[in-house]
Amino acid sequence: DWARGIRCGASSRPQPPMSVPSATKGGELFVPYRAVGLVSAGLPVAVVQHGGETFVTASLGRTFQIYNCAKLRQVFVGPSLPAGITALGAHDDYTLVACGTAVVVYKRAELVATLEGEHTAPVRHLLAMGSSVVSVDATGLLVAWQLPSGEVAGRLHPGFAASALCHPATYLNKVLLGAPDGRMQLWNLRSSKRVHEFEHGWRAAVTAFEQSPALDVVGVGLADGRLLLHNLKFDTTLLELRHTHGDAVRCLAFRTDGQPWLVSGAASGALHVWHLERRARLSLEPCAHEGGVASCHFLRGRPELLTAGAAAKSLP
């Protein structure tokens with residue numbers, strides 16, 4: 001069952017397990033578990049696993065806070081930065097913070113490196129890949145940096161400013177890029193060469209990627225409200241779902257405890273829960289967050305969903 005979640009403006013004690021309700025009673029599927037407070041400036045949060053514990057990093061404008069997801073207890077507050085944070089990332093013990101044209105790397109409270117000198121425009125996306133981090137700026141330049149040395153491992157420009165990116169599982173040195181015009185391309189970071197351009201072209205901006213529990217299959221979210229399961233190996237769309245009224249997809253999350261569920265966060269602030277085997281929507285929470293949903297993330301192997309709103313000072 002899925003008896004616990006986190007949403008805006010609500011807090012309660014953990015509820016007892018319950019059966020999955022019908023779509024007509026979708027709101028009951030989301031049982032508020034615990035709320036942090038006004039701790040997010042509206043950027044997507046960064047989530048990382050340490051053993052059996054999960055930690056989330058949220059931006060507060062020019063600083064950041066790290067919380068333990070078990071009790072949403074604050075464990076660290078970052079230093080004040082010279083400019084507003086534009087993107088966050090996390091990998092092992094490292095916290096990655098984009099600030100203007102630089103990426104600042106912390107290991108707990110220690111400043112490890114400042115990655116700079118490559119970007120001439122603000123960094124918009126960060127992606128942790130093994131022992132490296134990928135940064136993408138507003139012009140579309142993509143740079144791969146080694147951690148913790150900060151050495152540049154690769155750079156490329158796909159010809160557009162990526163609107164979404166992800167590292168498909170088991171695809172060594174590969175990054176999947178989505179474009180504002182609907183293109184989707186796979187690039188090799190080491191060789192800085194395009195491996196494949198997917199034939200479909202979605203005719204709508206790619207707004208979100210998420211690796212599914214199945215190898216070669218990723219979730220793709222689009223600005224026109226469509227969400228797709230696409231097999232990268234065979235360049236085939238396995239499933240297409242759609243938000244009502246063309247509500248743009250902002251984020252995606254797959255449940256990883258054996259249940260074939262996908263959650264999609266929308267620009268309107270709604271959360272949609274989909275049953276992939278039934279190819280149907282299980283539930284809709286229309287007002288999960290004011291200003292849109294910036295992030296949604298299932299805790300690994302558990303029926304617990306973490307969400308963050310896109311409006312300033314929204315609740316994760």
# chains A, B, ... in the order shown; residues from 1 in each chain; ligands from 1
>>> residues_around(residues="Gln74 in chain A", least_positions_apart="6", cutoff="9 Å", atoms="only C-alpha atoms", output="mmCIF file with N, CA, C and O atoms, in the first residue's frame")
data_model
loop_
_atom_site.group_PDB
_atom_site.id
_atom_site.type_symbol
_atom_site.label_atom_id
_atom_site.label_comp_id
_atom_site.auth_asym_id
_atom_site.auth_seq_id
_atom_site.Cartn_x
_atom_site.Cartn_y
_atom_site.Cartn_z
ATOM 1 N N VAL A 36 7.808 19.840 6.343
ATOM 2 C CA VAL A 36 9.009 20.458 6.880
ATOM 3 C C VAL A 36 8.756 21.883 7.340
ATOM 4 O O VAL A 36 9.155 22.291 8.420
ATOM 5 N N GLN A 65 19.650 23.818 2.608
ATOM 6 C CA GLN A 65 19.501 23.003 3.806
ATOM 7 C C GLN A 65 19.393 21.548 3.402
ATOM 8 O O GLN A 65 18.854 21.228 2.337
ATOM 9 N N ILE A 66 19.907 20.666 4.264
ATOM 10 C CA ILE A 66 19.838 19.228 4.030
ATOM 11 C C ILE A 66 19.002 18.605 5.142
ATOM 12 O O ILE A 66 19.184 18.911 6.321
ATOM 13 N N TYR A 67 18.079 17.717 4.746
ATOM 14 C CA TYR A 67 17.185 17.053 5.685
ATOM 15 C C TYR A 67 17.309 15.546 5.557
ATOM 16 O O TYR A 67 17.519 15.011 4.463
ATOM 17 N N ASN A 68 17.184 14.864 6.686
ATOM 18 C CA ASN A 68 17.052 13.415 6.701
ATOM 19 C C ASN A 68 15.580 13.091 6.468
ATOM 20 O O ASN A 68 14.705 13.561 7.188
#
>>> residues_around(residues="Gly225 in chain A", least_positions_apart="5", cutoff="6 Å", atoms="only C-alpha atoms", output="list in words")
Arg242, His243, Gly246, Asp247, Ala248 and Val249 of chain A
>>> residues_around(residues="range 41-56 of chain A", least_positions_apart="5", cutoff="7 Å", atoms="only C-alpha atoms", output="VMD selection string")
chain A and resid 61 66 to 69 87 to 92 294 to 295 308 to 314
>>> select_by_dssp(residues="range 40-73 of chain A", states="strand (DSSP E or B)", output="PyMOL selection string")
chain A and resi 40+46-50+53-59+64-68+73
>>> residues_around(residues="range 255-271 of chain A", least_positions_apart="6", cutoff="6 Å", atoms="only C-alpha atoms", output="PyMOL selection string")
chain A and resi 248-249+284-293+298+300-302
>>> select_by_dssp(residues="range 22-213 of chain A", states="helix (DSSP H, G or I)", output="list in words")
Ala23, Thr24, Lys25, Gly26, Gly27, Glu28 and Leu29 of chain A
>>> write_last_selection(atoms="N, CA, C and O atoms", output="PDB file, in the first residue's frame")
ATOM      1  N   ALA A  23     -10.524   5.504  -8.456  1.00  0.00           N
ATOM      2  CA  ALA A  23     -10.156   6.805  -9.007  1.00  0.00           C
ATOM      3  C   ALA A  23     -11.107   7.896  -8.564  1.00  0.00           C
ATOM      4  O   ALA A  23     -10.755   9.071  -8.501  1.00  0.00           O
ATOM      5  N   THR A  24     -12.334   7.531  -8.228  1.00  0.00           N
ATOM      6  CA  THR A  24     -13.309   8.537  -7.817  1.00  0.00           C
ATOM      7  C   THR A  24     -13.026   9.060  -6.425  1.00  0.00           C
ATOM      8  O   THR A  24     -13.537  10.094  -6.029  1.00  0.00           O
ATOM      9  N   LYS A  25     -12.191   8.344  -5.694  1.00  0.00           N
ATOM     10  CA  LYS A  25     -11.807   8.793  -4.355  1.00  0.00           C
ATOM     11  C   LYS A  25     -10.308   9.002  -4.301  1.00  0.00           C
ATOM     12  O   LYS A  25      -9.640   8.702  -3.329  1.00  0.00           O
ATOM     13  N   GLY A  26      -9.774   9.544  -5.397  1.00  0.00           N
ATOM     14  CA  GLY A  26      -8.329   9.638  -5.556  1.00  0.00           C
ATOM     15  C   GLY A  26      -7.638  10.402  -4.472  1.00  0.00           C
ATOM     16  O   GLY A  26      -6.519  10.098  -4.108  1.00  0.00           O
ATOM     17  N   GLY A  27      -8.272  11.440  -3.920  1.00  0.00           N
ATOM     18  CA  GLY A  27      -7.601  12.259  -2.943  1.00  0.00           C
ATOM     19  C   GLY A  27      -7.188  11.497  -1.708  1.00  0.00           C
ATOM     20  O   GLY A  27      -6.260  11.870  -1.011  1.00  0.00           O
ATOM     21  N   GLU A  28      -7.891  10.398  -1.391  1.00  0.00           N
ATOM     22  CA  GLU A  28      -7.573   9.630  -0.198  1.00  0.00           C
ATOM     23  C   GLU A  28      -6.270   8.870  -0.344  1.00  0.00           C
ATOM     24  O   GLU A  28      -5.722   8.359   0.618  1.00  0.00           O
ATOM     25  N   LEU A  29      -5.781   8.752  -1.569  1.00  0.00           N
ATOM     26  CA  LEU A  29      -4.536   8.031  -1.777  1.00  0.00           C
ATOM     27  C   LEU A  29      -3.359   8.765  -1.164  1.00  0.00           C
ATOM     28  O   LEU A  29      -2.378   8.170  -0.748  1.00  0.00           O
TER      29      LEU A  29
END
>>> closest_residue(among="A:Leu252, A:Val195, A:Cys296, A:Leu141", to="Arg155 in chain A", atoms="only C-alpha atoms")
A:Leu141
>>> atom_distance(atom1="CA of Pro180 in chain A", atom2="CA of Val217 in chain A")
21.1 Å
>>> residues_around(residues="Ala164 in chain A", least_positions_apart="3", cutoff="12 Å", atoms="only C-alpha atoms", output="PyMOL selection string")
chain A and resi 124-127+135-137+140+160-161+167+175-185+205-210+219-223+249-252
>>> residues_around(residues="Leu186 in chain A", least_positions_apart="3", cutoff="12 Å", atoms="only C-alpha atoms", output="list in words")
Pro158, Ala162, Leu165, Cys166, His167, Pro168, Tyr171, Leu172, Asn173, Lys174, Val175, Leu176, Leu177, Gly178, Ala179, Arg183, Leu189, Ser192, Lys193, Arg194, Val195, His196, Glu197, Phe198, Glu199, Leu232, Lys233 and Asp235 of chain A
>>> atom_distance(atom1="CA of Ala214 in chain A", atom2="CA of Ala128 in chain A")
20.0 Å
>>> closest_residue(among="A:Ala138, A:Leu147, A:Val112, A:Leu227", to="Ala204 in chain A", atoms="only C-alpha atoms")
A:Leu227
>>> atom_distance(atom1="CA of Ala109 in chain A", atom2="CA of Val75 in chain A")
10.8 Å
>>> residues_around(residues="Pro148 in chain A", least_positions_apart="4", cutoff="12 Å", atoms="only C-alpha atoms", output="compact mmCIF listing (two decimals) with all heavy atoms, in the first residue's frame")
# COMPACT_ATOMS: atom_id res chain seq x y z
N HIS A 91 25.58 13.63 -4.70
CA HIS A 91 26.20 12.35 -5.05
C HIS A 91 27.06 11.90 -3.89
O HIS A 91 27.98 12.61 -3.46
CB HIS A 91 27.05 12.49 -6.32
CG HIS A 91 27.81 11.25 -6.66
ND1 HIS A 91 27.18 10.08 -7.04
CD2 HIS A 91 29.14 10.97 -6.67
CE1 HIS A 91 28.08 9.16 -7.28
NE2 HIS A 91 29.28 9.66 -7.05
N ASP A 92 26.76 10.72 -3.36
CA ASP A 92 27.46 10.20 -2.19
C ASP A 92 27.48 11.28 -1.09
O ASP A 92 26.44 11.75 -0.68
CB ASP A 92 28.88 9.76 -2.56
CG ASP A 92 28.87 8.49 -3.42
OD1 ASP A 92 27.87 7.77 -3.39
OD2 ASP A 92 29.87 8.25 -4.12
N ASP A 93 28.68 11.68 -0.65
CA ASP A 93 28.78 12.70 0.40
C ASP A 93 28.84 14.12 -0.15
O ASP A 93 28.97 15.07 0.61
CB ASP A 93 30.03 12.45 1.25
CG ASP A 93 29.92 11.20 2.10
OD1 ASP A 93 28.78 10.84 2.45
OD2 ASP A 93 30.95 10.58 2.39
N TYR A 94 28.77 14.27 -1.46
CA TYR A 94 28.93 15.58 -2.07
C TYR A 94 27.59 16.26 -2.30
O TYR A 94 26.62 15.65 -2.76
CB TYR A 94 29.66 15.45 -3.41
CG TYR A 94 31.06 14.92 -3.31
CD1 TYR A 94 31.38 13.67 -3.83
CD2 TYR A 94 32.07 15.66 -2.69
CE1 TYR A 94 32.67 13.17 -3.74
CE2 TYR A 94 33.36 15.17 -2.60
CZ TYR A 94 33.65 13.92 -3.12
OH TYR A 94 34.94 13.43 -3.02
N THR A 95 27.56 17.55 -1.98
CA THR A 95 26.43 18.41 -2.32
C THR A 95 26.89 19.36 -3.41
O THR A 95 27.92 20.02 -3.28
CB THR A 95 25.95 19.21 -1.10
OG1 THR A 95 25.55 18.30 -0.07
CG2 THR A 95 24.77 20.10 -1.46
N LEU A 96 26.14 19.43 -4.50
CA LEU A 96 26.52 20.20 -5.68
C LEU A 96 25.57 21.38 -5.82
O LEU A 96 24.34 21.20 -5.86
CB LEU A 96 26.45 19.33 -6.93
CG LEU A 96 27.07 17.92 -6.78
CD1 LEU A 96 26.71 17.04 -7.96
CD2 LEU A 96 28.58 18.03 -6.62
N VAL A 104 29.60 24.87 -7.07
CA VAL A 104 30.33 24.74 -5.81
C VAL A 104 30.06 23.35 -5.24
O VAL A 104 28.91 22.90 -5.18
CB VAL A 104 29.91 25.82 -4.81
CG1 VAL A 104 30.79 25.77 -3.57
CG2 VAL A 104 29.97 27.21 -5.44
N VAL A 105 31.14 22.67 -4.83
CA VAL A 105 31.04 21.30 -4.33
C VAL A 105 31.41 21.28 -2.85
O VAL A 105 32.49 21.73 -2.46
CB VAL A 105 31.97 20.36 -5.11
CG1 VAL A 105 31.83 18.93 -4.61
CG2 VAL A 105 31.68 20.44 -6.61
N TYR A 106 30.50 20.72 -2.04
CA TYR A 106 30.74 20.58 -0.61
C TYR A 106 30.73 19.10 -0.25
O TYR A 106 29.99 18.30 -0.83
CB TYR A 106 29.64 21.28 0.21
CG TYR A 106 29.63 22.77 0.08
CD1 TYR A 106 28.81 23.40 -0.87
CD2 TYR A 106 30.42 23.58 0.89
CE1 TYR A 106 28.78 24.78 -1.01
CE2 TYR A 106 30.40 24.96 0.77
CZ TYR A 106 29.58 25.55 -0.18
OH TYR A 106 29.57 26.92 -0.30
N LYS A 107 31.57 18.76 0.72
CA LYS A 107 31.51 17.44 1.35
C LYS A 107 31.19 17.69 2.81
O LYS A 107 32.05 18.12 3.57
CB LYS A 107 32.82 16.68 1.19
CG LYS A 107 32.74 15.25 1.71
CD LYS A 107 34.01 14.47 1.40
CE LYS A 107 33.88 13.02 1.84
NZ LYS A 107 35.10 12.25 1.53
N GLU A 110 32.55 20.95 4.42
CA GLU A 110 33.82 21.36 3.83
C GLU A 110 33.65 21.73 2.36
O GLU A 110 33.05 20.98 1.58
CB GLU A 110 34.83 20.22 3.94
CG GLU A 110 36.17 20.51 3.31
CD GLU A 110 37.08 19.29 3.28
OE1 GLU A 110 36.65 18.24 3.79
OE2 GLU A 110 38.20 19.41 2.74
N LEU A 111 34.18 22.89 1.98
CA LEU A 111 34.22 23.28 0.58
C LEU A 111 35.31 22.46 -0.12
O LEU A 111 36.49 22.58 0.21
CB LEU A 111 34.51 24.78 0.44
CG LEU A 111 34.72 25.30 -0.98
CD1 LEU A 111 33.47 25.11 -1.82
CD2 LEU A 111 35.14 26.77 -0.95
N VAL A 112 34.91 21.65 -1.08
CA VAL A 112 35.85 20.75 -1.76
C VAL A 112 36.40 21.39 -3.02
O VAL A 112 37.60 21.32 -3.30
CB VAL A 112 35.16 19.41 -2.10
CG1 VAL A 112 36.08 18.51 -2.93
CG2 VAL A 112 34.72 18.71 -0.84
N ALA A 113 35.54 22.01 -3.82
CA ALA A 113 35.99 22.57 -5.09
C ALA A 113 34.98 23.59 -5.59
O ALA A 113 33.79 23.53 -5.26
CB ALA A 113 36.17 21.47 -6.13
N THR A 114 35.45 24.52 -6.38
CA THR A 114 34.60 25.43 -7.13
C THR A 114 34.89 25.20 -8.61
O THR A 114 36.01 25.42 -9.07
CB THR A 114 34.88 26.90 -6.75
OG1 THR A 114 34.63 27.09 -5.36
CG2 THR A 114 33.98 27.84 -7.55
N LEU A 115 33.90 24.72 -9.32
CA LEU A 115 34.05 24.37 -10.73
C LEU A 115 33.66 25.59 -11.56
O LEU A 115 32.49 25.96 -11.63
CB LEU A 115 33.16 23.17 -11.08
CG LEU A 115 33.21 22.00 -10.08
CD1 LEU A 115 32.28 20.89 -10.52
CD2 LEU A 115 34.63 21.49 -9.89
N GLY A 130 28.11 8.85 -11.68
CA GLY A 130 29.28 8.15 -11.17
C GLY A 130 30.18 9.09 -10.40
O GLY A 130 29.75 9.76 -9.45
N SER A 131 31.43 9.20 -10.83
CA SER A 131 32.39 10.07 -10.15
C SER A 131 32.49 11.44 -10.80
O SER A 131 33.47 12.15 -10.59
CB SER A 131 33.77 9.41 -10.14
OG SER A 131 34.23 9.20 -11.47
N SER A 132 31.50 11.83 -11.57
CA SER A 132 31.52 13.13 -12.22
C SER A 132 30.17 13.83 -12.07
O SER A 132 29.18 13.21 -11.69
CB SER A 132 31.87 12.99 -13.71
OG SER A 132 30.91 12.22 -14.39
N VAL A 133 30.17 15.12 -12.37
CA VAL A 133 28.94 15.90 -12.37
C VAL A 133 28.85 16.63 -13.70
O VAL A 133 29.85 17.13 -14.22
CB VAL A 133 28.87 16.89 -11.19
CG1 VAL A 133 30.06 17.83 -11.18
CG2 VAL A 133 27.57 17.69 -11.23
N VAL A 152 38.06 18.96 -15.97
CA VAL A 152 37.05 18.84 -17.03
C VAL A 152 37.26 17.52 -17.75
O VAL A 152 38.34 17.26 -18.31
CB VAL A 152 37.12 20.02 -18.01
CG1 VAL A 152 36.16 19.81 -19.17
CG2 VAL A 152 36.83 21.32 -17.29
